[in-house]
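Shown next: data_4.txt, containing compact mmCIF, C-alpha atoms.
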```
# COMPACT_ATOMS: atom_id res chain seq x y z
CA MET U 1126 16.28 -29.25 7.87
CA ASN U 1127 17.58 -31.43 5.03
CA THR U 1128 18.06 -29.45 1.82
CA GLN U 1129 17.74 -32.53 -0.40
CA ARG U 1130 14.37 -33.51 1.05
CA LEU U 1131 13.30 -29.87 0.96
CA GLY U 1132 14.28 -29.61 -2.71
CA THR U 1133 12.34 -32.78 -3.51
CA ILE U 1134 9.18 -31.40 -1.90
CA VAL U 1135 9.54 -28.10 -3.76
CA GLY U 1136 10.10 -29.93 -7.04
CA LEU U 1137 7.03 -32.13 -6.54
CA GLU U 1138 4.89 -29.13 -5.68
CA LEU U 1139 6.06 -27.15 -8.72
CA THR U 1140 5.50 -30.14 -11.00
CA GLN U 1141 2.00 -30.60 -9.67
CA ARG U 1142 1.19 -26.92 -10.11
CA THR U 1143 2.63 -26.45 -13.61
CA ARG U 1144 1.55 -29.62 -15.40
CA SER U 1145 -2.00 -28.32 -15.85
CA ILE U 1146 -2.85 -26.26 -18.93
CA ALA U 1147 -4.95 -23.98 -16.70
CA TRP U 1148 -1.70 -22.69 -15.20
CA TYR U 1149 -0.45 -21.46 -18.56
CA VAL U 1150 -3.86 -19.99 -19.41
CA LEU U 1151 -3.70 -18.02 -16.17
CA LEU U 1152 -0.25 -16.70 -17.04
CA GLY U 1153 -1.52 -15.74 -20.50
CA VAL U 1154 -4.47 -13.82 -19.05
CA PHE U 1155 -2.08 -12.11 -16.63
CA ALA U 1156 0.17 -11.05 -19.54
CA LEU U 1157 -2.81 -9.82 -21.57
CA LEU U 1158 -3.96 -7.62 -18.69
CA LEU U 1159 -0.47 -6.16 -18.40
CA VAL U 1160 -0.42 -5.41 -22.13
CA ILE U 1161 -3.67 -3.45 -21.79
CA ILE U 1162 -2.47 -1.63 -18.66
CA THR U 1163 0.85 -0.73 -20.29
CA LEU U 1164 -0.83 0.73 -23.37
CA LEU U 1165 -3.25 2.72 -21.24
CA SER U 1166 -0.37 3.94 -19.06
CA PHE U 1167 1.51 5.29 -22.07
CA VAL U 1168 -1.60 7.17 -23.16
CA ALA U 1169 -2.49 8.43 -19.68
CA TRP U 1170 1.01 9.62 -18.72
CA GLY U 1171 2.08 10.94 -22.11
CA PHE U 1172 1.67 14.54 -20.92
CA ALA U 1173 4.04 14.19 -17.94
CA ASP U 1174 7.57 15.61 -17.93
CA GLU U 1175 8.97 12.21 -16.95
CA PRO U 1176 6.40 9.72 -18.28
CA GLY U 1177 8.69 6.72 -17.83
CA ALA U 1178 8.70 6.98 -14.03
CA ALA U 1179 4.92 7.26 -13.89
CA ILE U 1180 4.44 4.39 -16.35
CA TYR U 1181 6.86 2.16 -14.45
CA SER U 1182 5.18 2.82 -11.08
CA THR U 1183 1.73 2.17 -12.58
CA ILE U 1184 2.83 -1.20 -13.98
CA VAL U 1185 4.42 -2.16 -10.65
CA TYR U 1186 1.24 -1.33 -8.75
CA ILE U 1187 -0.97 -3.22 -11.20
CA THR U 1188 1.39 -6.19 -10.93
CA LEU U 1189 1.11 -6.12 -7.14
CA LEU U 1190 -2.68 -5.87 -7.38
CA LEU U 1191 -2.93 -8.84 -9.74
CA VAL U 1192 -0.56 -10.91 -7.59
CA VAL U 1193 -2.65 -10.10 -4.52
CA LEU U 1194 -5.73 -11.33 -6.39
CA VAL U 1195 -4.13 -14.52 -7.75
CA SER U 1196 -1.76 -15.76 -5.04
CA PRO U 1197 -4.38 -16.81 -2.44
CA THR U 1198 -5.85 -19.22 -4.98
CA LEU U 1199 -2.43 -20.79 -5.62
CA SER U 1200 -1.42 -21.21 -1.98
CA GLY U 1201 -4.65 -21.37 0.02
CA ASN U 1202 -5.14 -25.15 -0.41
CA ALA U 1203 -1.53 -26.36 -0.41
CA ILE U 1204 -1.85 -28.64 2.64
CA ASN U 1205 -5.54 -29.39 3.15
CA GLY U 1206 -5.89 -29.95 -0.60
CA ASP U 1207 -3.30 -32.73 -0.41
CA ARG U 1208 -5.04 -34.11 2.66
CA ASP U 1209 -8.34 -34.28 0.77
CA ALA U 1210 -6.59 -35.96 -2.18
CA ALA U 1211 -4.92 -38.51 0.17
CA THR U 1212 -1.43 -37.42 -0.93
CA LEU U 1213 -0.31 -35.74 2.28
CA ALA U 1214 -0.15 -38.84 4.51
CA PRO U 1215 2.28 -40.75 2.20
CA VAL U 1216 4.68 -37.79 2.42
CA GLN U 1217 4.32 -37.57 6.20
CA VAL U 1218 5.43 -41.19 6.68
CA THR U 1219 8.70 -40.53 4.83
CA LEU U 1220 11.82 -39.03 6.41
CA ALA U 1221 10.52 -35.53 5.59
CA THR U 1222 9.68 -33.63 8.76
CA THR U 1223 6.62 -31.48 9.26
CA GLY U 1224 8.77 -28.36 9.05
CA GLU U 1225 10.29 -29.48 5.75
CA ILE U 1226 6.86 -30.22 4.28
CA LEU U 1227 5.54 -26.85 5.39
CA ILE U 1228 8.57 -24.84 4.24
CA GLY U 1229 8.72 -26.77 0.96
CA LYS U 1230 5.11 -25.96 0.15
CA PHE U 1231 5.70 -22.32 1.13
CA LEU U 1232 8.75 -22.03 -1.14
CA ALA U 1233 6.85 -23.66 -4.00
CA ALA U 1234 3.95 -21.23 -3.57
CA TRP U 1235 6.43 -18.33 -3.43
CA VAL U 1236 8.14 -19.45 -6.65
CA THR U 1237 4.74 -19.88 -8.29
CA GLY U 1238 3.83 -16.33 -7.37
CA LEU U 1239 7.18 -15.07 -8.66
CA ALA U 1240 6.32 -16.58 -12.05
CA PHE U 1241 3.71 -13.84 -12.42
CA LEU U 1242 6.34 -11.29 -11.51
CA ALA U 1243 8.59 -12.78 -14.21
CA VAL U 1244 5.79 -12.30 -16.75
CA ALA U 1245 5.66 -8.62 -15.74
CA VAL U 1246 9.42 -8.05 -16.20
CA PRO U 1247 9.23 -7.21 -19.96
CA PHE U 1248 6.56 -4.60 -19.25
CA LEU U 1249 8.61 -3.15 -16.40
CA LEU U 1250 11.61 -2.94 -18.73
CA LEU U 1251 9.44 -1.15 -21.27
CA GLY U 1252 8.46 1.42 -18.68
CA THR U 1253 12.12 1.81 -17.71
CA ILE U 1254 13.25 2.33 -21.29
CA ALA U 1255 10.57 5.00 -21.69
CA GLY U 1256 12.51 7.22 -19.33
CA GLY U 1257 12.03 6.05 -15.76
CA GLY U 1258 15.42 4.49 -15.26
CA ASN U 1259 16.22 5.29 -11.64
CA PRO U 1260 18.24 2.22 -10.52
CA ALA U 1261 17.34 2.66 -6.83
CA THR U 1262 13.62 2.93 -7.59
CA ILE U 1263 13.67 -0.13 -9.83
CA GLY U 1264 15.72 -2.27 -7.45
CA VAL U 1265 13.82 -1.44 -4.27
CA SER U 1266 10.38 -1.76 -5.87
CA LEU U 1267 11.22 -5.22 -7.24
CA LEU U 1268 12.56 -6.36 -3.85
CA VAL U 1269 9.37 -5.19 -2.13
CA LEU U 1270 7.29 -7.01 -4.76
CA ILE U 1271 9.22 -10.23 -4.11
CA PHE U 1272 8.73 -9.82 -0.36
CA GLU U 1273 4.98 -9.22 -0.68
CA VAL U 1274 4.57 -12.29 -2.91
CA GLY U 1275 6.33 -14.32 -0.23
CA VAL U 1276 4.16 -12.96 2.57
CA ILE U 1277 0.95 -13.79 0.72
CA ALA U 1278 2.26 -17.27 -0.13
CA ALA U 1279 3.16 -17.88 3.53
CA ILE U 1280 -0.27 -16.75 4.73
CA GLY U 1281 -2.03 -19.01 2.20
CA VAL U 1282 0.05 -22.10 2.98
CA ALA U 1283 -0.28 -21.52 6.73
CA LEU U 1284 -4.05 -21.17 6.61
CA SER U 1285 -4.28 -24.32 4.48
CA GLY U 1286 -2.58 -26.16 7.34
CA ILE U 1287 -4.68 -24.52 10.04
CA LEU U 1288 -8.09 -24.99 8.41
CA SER U 1289 -9.35 -28.37 7.29
CA ARG U 1290 -11.46 -27.32 4.28
CA PRO U 1291 -9.68 -26.05 1.13
CA LEU U 1292 -12.49 -23.71 0.11
CA PHE U 1293 -12.65 -22.21 3.58
CA SER U 1294 -8.88 -21.72 3.75
CA VAL U 1295 -8.77 -20.02 0.32
CA ALA U 1296 -11.61 -17.70 1.33
CA THR U 1297 -9.89 -16.93 4.64
CA THR U 1298 -6.63 -16.16 2.83
CA TYR U 1299 -8.50 -13.67 0.65
CA LEU U 1300 -10.01 -12.10 3.77
CA VAL U 1301 -6.61 -11.73 5.47
CA VAL U 1302 -5.06 -10.21 2.34
CA ALA U 1303 -8.08 -7.93 1.96
CA ALA U 1304 -7.70 -6.86 5.58
CA LEU U 1305 -4.12 -5.79 4.84
CA ALA U 1306 -4.83 -4.10 1.51
CA VAL U 1307 -8.32 -2.65 2.05
CA GLY U 1308 -9.11 -3.08 5.74
CA THR U 1309 -6.22 -0.85 6.79
CA LEU U 1310 -7.56 1.94 4.57
CA ILE U 1311 -11.06 1.57 6.03
CA ALA U 1312 -9.70 1.52 9.59
CA PHE U 1313 -7.59 4.62 8.84
CA GLY U 1314 -10.53 6.54 7.41
CA LEU U 1315 -13.02 5.59 10.10
CA GLY U 1316 -10.46 5.96 12.88
CA GLY U 1317 -9.44 9.43 11.72
CA MET U 1318 -13.06 10.59 11.53
CA THR U 1319 -13.81 9.12 14.96
CA VAL U 1320 -10.83 10.63 16.77
CA ARG U 1321 -11.52 14.38 16.69
CA SER U 1322 -10.19 17.53 18.30
CA GLU U 1323 -11.79 20.93 18.81
CA ALA U 1324 -10.36 23.71 16.64
CA THR U 1325 -10.87 27.45 17.03
CA SER U 1326 -10.97 30.06 14.28
CA HIS U 1327 -10.63 33.80 14.99
CA HIS U 1328 -11.70 36.19 12.24
CA ARG U 1329 -11.98 39.98 12.04
CA ALA U 1330 -13.18 41.91 8.98
CA TYR U 1331 -13.72 45.53 7.91
CA ASP U 1332 -17.03 47.12 8.69
CA TYR U 1333 -18.21 48.17 5.22
CA ASP U 1334 -21.57 49.62 6.31
CA ASP U 1335 -20.44 53.27 6.07
CA TYR U 1336 -18.15 52.89 3.05
CA ARG U 1337 -19.51 53.75 -0.38
CA GLY U 1338 -16.33 53.87 -2.46
CA ASP U 1339 -15.72 52.17 -5.81
CA THR U 1340 -12.59 50.31 -4.72
CA PHE U 1341 -11.51 48.32 -1.73
CA PRO U 1342 -9.79 50.21 1.08
CA CYS U 1343 -6.04 49.89 1.44
CA LEU U 1344 -4.73 47.69 4.19
CA PRO U 1345 -2.44 49.27 6.76
CA GLY U 1346 0.88 49.92 5.06
CA GLU U 1347 -0.49 49.40 1.53
CA GLU U 1348 -0.41 51.95 -1.24
CA PRO U 1349 -2.55 52.02 -4.38
CA THR U 1350 -0.97 50.63 -7.53
CA GLY U 1351 -2.10 50.09 -11.09
CA ASP U 1352 -2.85 46.45 -10.44
CA TYR U 1353 -4.52 47.16 -7.10
CA PRO U 1354 -6.08 50.64 -6.99
CA CYS U 1355 -7.11 50.60 -3.34
CA ASP U 1356 -8.57 53.62 -1.57
CA GLU U 1357 -5.94 54.92 0.85
CA ASP U 1358 -8.20 57.68 2.19
CA ALA U 1359 -10.91 55.33 3.30
CA GLU U 1360 -11.69 55.40 6.96
CA ILE U 1361 -13.32 52.15 7.90
CA SER U 1362 -13.48 50.67 11.33
CA CYS U 1363 -12.74 47.03 11.99
CA GLY U 1364 -15.53 44.80 13.07
CA PRO U 1365 -15.44 42.67 16.22
CA TRP U 1366 -13.53 39.43 16.40
CA GLN U 1367 -15.64 36.43 15.46
CA VAL U 1368 -14.72 33.17 17.19
CA THR U 1369 -15.86 29.87 15.73
CA THR U 1370 -15.23 26.43 17.16
CA TYR U 1371 -15.52 23.21 15.21
CA GLU U 1372 -14.19 19.67 15.25
CA VAL U 1373 -11.49 18.38 12.94
CA PRO U 1374 -10.55 14.71 12.28
CA ARG U 1375 -7.18 13.58 13.64
CA PHE U 1376 -5.69 11.33 10.97
CA ASP U 1377 -2.27 12.06 12.47
CA ARG U 1378 -3.19 9.80 15.39
CA VAL U 1379 -4.20 6.79 13.30
CA TRP U 1380 -1.84 7.01 10.30
CA TRP U 1381 0.14 4.06 11.67
CA LEU U 1382 -2.77 1.80 10.67
CA LEU U 1383 -1.51 2.11 7.09
CA ALA U 1384 1.93 0.77 7.95
CA ALA U 1385 1.05 -2.88 7.15
CA ASN U 1386 -0.70 -2.06 3.85
CA PRO U 1387 1.31 -3.70 1.02
CA PHE U 1388 0.67 -0.79 -1.36
CA VAL U 1389 1.80 1.73 1.25
CA ILE U 1390 4.90 -0.34 2.03
CA LEU U 1391 5.79 -0.38 -1.66
CA ALA U 1392 5.43 3.41 -1.93
CA ASP U 1393 7.13 4.22 1.38
CA ALA U 1394 10.14 1.97 0.80
CA THR U 1395 10.79 3.02 -2.80
CA PRO U 1396 13.06 6.09 -3.20
CA THR U 1397 11.07 9.03 -4.51
CA THR U 1398 12.05 11.19 -7.47
CA PHE U 1399 10.85 14.81 -7.31
CA ASP U 1400 10.69 17.42 -10.04
CA ARG U 1401 12.29 20.85 -9.75
CA ASN U 1402 9.26 22.16 -7.85
CA GLY U 1403 9.42 19.42 -5.21
CA TYR U 1404 6.53 17.31 -6.46
CA PRO U 1405 6.73 13.52 -7.05
CA VAL U 1406 6.87 12.26 -10.63
CA ASP U 1407 5.40 8.77 -10.05
CA LEU U 1408 2.74 6.92 -8.10
CA PHE U 1409 5.27 5.83 -5.48
CA GLY U 1410 5.91 9.42 -4.47
CA GLN U 1411 2.27 10.48 -4.65
CA ILE U 1412 1.10 7.71 -2.31
CA LYS U 1413 4.09 8.26 -0.03
CA THR U 1414 3.32 11.98 0.15
CA GLY U 1415 -0.31 11.28 1.04
CA VAL U 1416 0.70 8.96 3.89
CA ARG U 1417 3.35 11.37 5.17
CA MET U 1418 0.90 14.29 5.07
CA ALA U 1419 -1.45 12.24 7.25
CA GLN U 1420 1.24 12.39 9.95
CA GLN U 1421 0.92 16.18 10.14
CA PRO U 1422 -1.40 17.38 12.93
CA PRO U 1423 -4.12 19.78 11.78
CA PRO U 1424 -3.96 23.42 12.94
CA LEU U 1425 -6.19 23.79 16.01
CA GLU U 1426 -5.85 27.59 16.27
CA GLN U 1427 -6.35 29.79 13.21
CA ARG U 1428 -6.45 33.58 12.99
CA TRP U 1429 -7.58 35.68 10.02
CA ASP U 1430 -7.38 39.46 10.27
CA ASP U 1431 -8.52 41.53 7.29
CA CYS U 1432 -7.52 44.73 9.08
CA SER U 1433 -3.79 44.03 9.11
CA ARG U 1434 -1.28 42.77 6.64
CA MET U 1435 -0.99 39.02 7.02
CA PRO U 1436 2.46 37.54 6.53
CA ILE U 1437 2.81 35.30 3.50
CA VAL U 1438 3.66 31.78 4.63
CA ASP U 1439 5.03 29.40 2.03
CA GLN U 1440 3.37 25.99 2.08
CA PRO U 1441 5.82 23.09 2.33
CA THR U 1442 6.30 21.05 -0.81
CA PRO U 1443 5.79 17.26 -0.85
CA GLU U 1444 9.57 16.87 -0.92
CA GLU U 1445 9.91 18.92 2.27
CA ILE U 1446 7.08 17.04 3.96
CA THR U 1447 8.65 13.71 3.06
CA ALA U 1448 12.04 14.82 4.38
CA ARG U 1449 10.74 15.80 7.81
CA THR U 1450 8.35 12.92 8.49
CA ALA U 1451 9.02 9.35 9.57
CA PRO U 1452 9.09 6.33 7.24
CA SER U 1453 7.06 3.29 8.27
CA TRP U 1454 7.82 0.66 5.62
CA PHE U 1455 10.16 -1.37 7.84
CA VAL U 1456 7.51 -1.49 10.59
CA GLY U 1457 4.92 -2.71 8.09
CA MET U 1458 7.24 -5.37 6.70
CA ALA U 1459 8.06 -6.54 10.22
CA LEU U 1460 4.35 -6.80 11.09
CA GLN U 1461 3.63 -8.78 7.93
CA ALA U 1462 6.59 -11.08 8.58
CA LEU U 1463 5.45 -11.68 12.17
CA LEU U 1464 1.92 -12.44 10.96
CA ALA U 1465 3.19 -14.93 8.37
CA ALA U 1466 5.61 -16.55 10.83
CA GLY U 1467 2.93 -16.87 13.50
CA LEU U 1468 0.48 -18.50 11.10
CA LEU U 1469 3.18 -20.88 9.82
CA TRP U 1470 3.97 -21.93 13.39
CA TRP U 1471 0.27 -22.56 14.02
CA ALA U 1472 0.08 -24.59 10.80
CA TRP U 1473 3.11 -26.63 11.91
CA ALA U 1474 1.41 -27.37 15.23
CA ARG U 1475 -1.76 -28.50 13.42
CA THR U 1476 0.06 -30.60 10.78
CA ARG U 1477 2.78 -32.33 12.78
CA THR U 1478 2.61 -36.06 13.33
CA PRO U 1479 1.75 -37.97 15.38
CA ALA U 1480 -1.28 -35.77 15.97
CA GLY U 1481 -2.96 -35.89 19.35
CA ARG U 1482 -6.29 -34.69 17.98
CA LEU U 1483 -7.69 -34.12 14.47
CA PRO U 1484 -10.72 -32.06 13.48
CA SER U 1485 -13.86 -34.08 12.86
CA GLY U 1486 -14.06 -35.35 9.29
CA THR U 1487 -10.34 -34.93 8.54
CA ARG U 1488 -9.07 -37.39 5.99
CA ILE U 1489 -5.82 -39.13 6.95
CA ALA U 1490 -5.08 -41.47 4.02
```

I'd like the structure from this file rewritten - as C-alpha cells, please.
Amino acid sequence: MNTQRLGTIVGLELTQRTRSIAWYVLLGVFALLLVIITLLSFVAWGFADEPGAAIYSTIVYITLLLVVLVSPTLSGNAINGDRDAATLAPVQVTLATTGEILIGKFLAAWVTGLAFLAVAVPFLLLGTIAGGGNPATIGVSLLVLIFEVGVIAAIGVALSGILSRPLFSVATTYLVVAALAVGTLIAFGLGGMTVRSEATSHHRAYDYDDYRGDTFPCLPGEEPTGDYPCDEDAEISCGPWQVTTYEVPRFDRVWWLLAANPFVILADATPTTFDRNGYPVDLFGQIKTGVRMAQQPPPLEQRWDDCSRMPIVDQPTPEEITARTAPSWFVGMALQALLAAGLLWWAWARTRTPAGRLPSGTRIA
C-alpha cells in the first residue's frame, strides 16, 4: 500500500466530488435543516432542567439521520460510476493496485461524509454552550458519528464495486442502511411479539355481597385514619382465588437484534447523565434505557391479594436498570465493521485486474 498513490487517488476523488456547485447547494440545504432543527429543539426542550443536554443529543441524532440519508448517494456509485464514465480503466493500468483504488475511494467518501459533520459542529457547540457540556458525552458521541459515517461510506463504495449499475448500487446501499436503521427495529418488534411465554396471574378479592357499610373495610393490620377512614369492624370473607393465564411477548429474547442499529449504538456507547431522581436528561439516555429495559424478562407469575397487606416494592429507576444490564454497542460496531470489511473484500475481488470474467454489458474503457 503506497501512501503517495493512495493520497493521489483520494485527492482526485475529492476534487471530482467538490468541483460541482450541486455539492455546495447540498451542504447549504443540510445547514438550513440544522438551523430549523436547532431552533425547534430550543423551543421544545426549554422546560427541561438541563435543556442543553437534550438539545445537544437532538442535534446529534438529526445529524446522524441526515448523514444516513445523504451518504449512500455520495458513495454508492464510486466505482461503477467511473466505469460507466470510462475513467476507471485508465487508473487501473497505472501502478495503483486494486486495493489502493478501493481504499482511496472509501477514504474520499468518508471525508465527504465528514464534511456534513463539520457543518453540524457549530450547532453542536451551540447546544453545548446552552448547558449540556459533559466532555465524555460530547467526545464519545462525535467518535460514534465519525465511525458510522465511515461504515456507510464503506458499504456504498463496496456495493459500487460489486454491482455493475450505479443506480442499482445506490438503491442497494439505501436498502442495506435501511436494514440497519429500520429493519432491526421491525425485526425486534415482530420477533418479540412472535416469541411468547405463558404467564399466570393469581388474584383474590373481598366478597362484598354481605357488606353494606359506607367505607371500605380495613385490611388486616390497618387502622382507620383521617385520610383513610376504613371500617375496622367489618367482617367480610375473602373470595376464592382467581387464576388467569395469558401470553406475554418476550422482547428480552430478541433485544440483541437492536445491537447493530446505528441509533442504538450511538445511545448505548454515549455516557448517560441522570438527574437526581435517576432519570436520563437527554435522548441518549432515554433510548439507552428503552433498549436496556427490553433485556428484562417479563414477570411470568403475578399474585394480587386484596385480603392481606401487600408489601410495597420500589420500582427500579432507569439509572439502576442501566447499571445492572449489559451494554451492546461494541458488539454492534463489530458487526457493522465486519459487514463493511466483507463487502469491501467482495468489491476487491470483483474489481481486481486482470479479471477472469466480467458481467455482461460492463464497460472497460

Residue nearest Thr1183 (chain U) - candidates U:Glu1323, U:Asp1407, U:Glu1225, U:Asp1207, atoms counted: all atoms listed in the file: U:Asp1407

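Of the listed residues U:Val1368, U:Leu1199, U:Val1218, U:Ile1254, the one whose atoms come nearest to Gly1238 (chain U) is U:Leu1199, with distances taken using all atoms listed in the file.
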
Atomic distance CA of Thr1223 (chain U) - CA of Trp1473 (chain U), expressed in Å with one decimal: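 These two atoms are separated by 6.5 Å.
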
Give the padded box for region 1305-1320 of chain U as AutoDock Vina command-line options: axis-aligned, covering all atoms listed in the file, 5 Å on each side, centre and edge lengths in Å to one decimal.
```
--center_x -9.0 --center_y 2.4 --center_z 9.1 --size_x 19.7 --size_y 26.4 --size_z 25.3
```

Residues within 12 Å of Arg1375 (chain U), only C-alpha atoms, excluding chain neighbours under 5 positions, as an NGL selection string: :U and (1313-1324 or 1380 or 1418-1425)

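Computed from the coordinates, the CA of Trp1454 (chain U) to CA of Gly1467 (chain U) distance equals 19.8 Å.
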
Neighbours of point (0.1, -3.0, -24.6) within 12 Å, using only C-alpha atoms, written as a list in words: Ala1156, Leu1157, Leu1158, Leu1159, Val1160, Ile1161, Ile1162, Thr1163, Leu1164, Leu1165, Ser1166, Phe1167, Val1168, Ile1180, Ile1184, Ala1245, Pro1247, Phe1248, Leu1249, Leu1251 and Gly1252 of chain U

Gap from CA of Leu1242 (chain U) to CA of Thr1414 (chain U) - Å, one decimal: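 Result for CA of Leu1242 (chain U) versus CA of Thr1414 (chain U): 26.2 Å, one decimal.
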
Closest of U:Ile1277, U:Leu1220, U:Val1265, U:Ala1466 to Val1195 (chain U) - atom-to-atom distances counting all atoms listed in the file: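 Once distances to Val1195 (chain U) are computed over all atoms listed in the file, the minimum belongs to U:Ile1277.
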
Residue nearest Val1373 (chain U) - candidates U:Gly1403, U:Ala1261, U:Leu1292, U:Ser1326, atoms counted: only C-alpha atoms: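 Of the candidates, the smallest distance to Val1373 (chain U) is held by U:Ser1326.
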
Pick from U:Val1282, U:Val1244, U:Leu1131, U:Val1302 nearest to Asn1386 (chain U), counting all atoms listed in the file: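 Counting all atoms listed in the file, the residue closest to Asn1386 (chain U) is U:Val1302.
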
Given all atoms listed in the file as the counted atoms, nearest of U:Val1295, U:Ile1204, U:Leu1460, U:Ala1385 to Leu1227 (chain U):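 Among the listed residues, the smallest separation from Leu1227 (chain U) belongs to U:Ile1204.
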
Nearby residues (all atoms listed in the file) at most 8 Å from Ala1306 (chain U), same-chain spacing under 2 positions excluded, as number ranges by chain: U: 1302-1304, 1308-1310, 1386-1388

Residues of the last selection are to be written out with C-alpha atoms, as a tab-separated table (two decimals), keeping the file's coordinate frame.
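Everything below was put into part.tsv:
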```tsv
chain	number	residue	atom	x	y	z
U	1302	VAL	CA	-5.06	-10.21	2.34
U	1303	ALA	CA	-8.08	-7.93	1.96
U	1304	ALA	CA	-7.70	-6.86	5.58
U	1308	GLY	CA	-9.11	-3.08	5.74
U	1309	THR	CA	-6.22	-0.85	6.79
U	1310	LEU	CA	-7.56	1.94	4.57
U	1386	ASN	CA	-0.70	-2.06	3.85
U	1387	PRO	CA	1.31	-3.70	1.02
U	1388	PHE	CA	0.67	-0.79	-1.36
```

Exercise: residues within 10 Å of coordinate (0.1, -17.0, 9.8), counting all atoms listed in the file, as a PyMOL selection string: chain U and resi 1276-1277+1279-1284+1286-1287+1298+1301+1461-1472
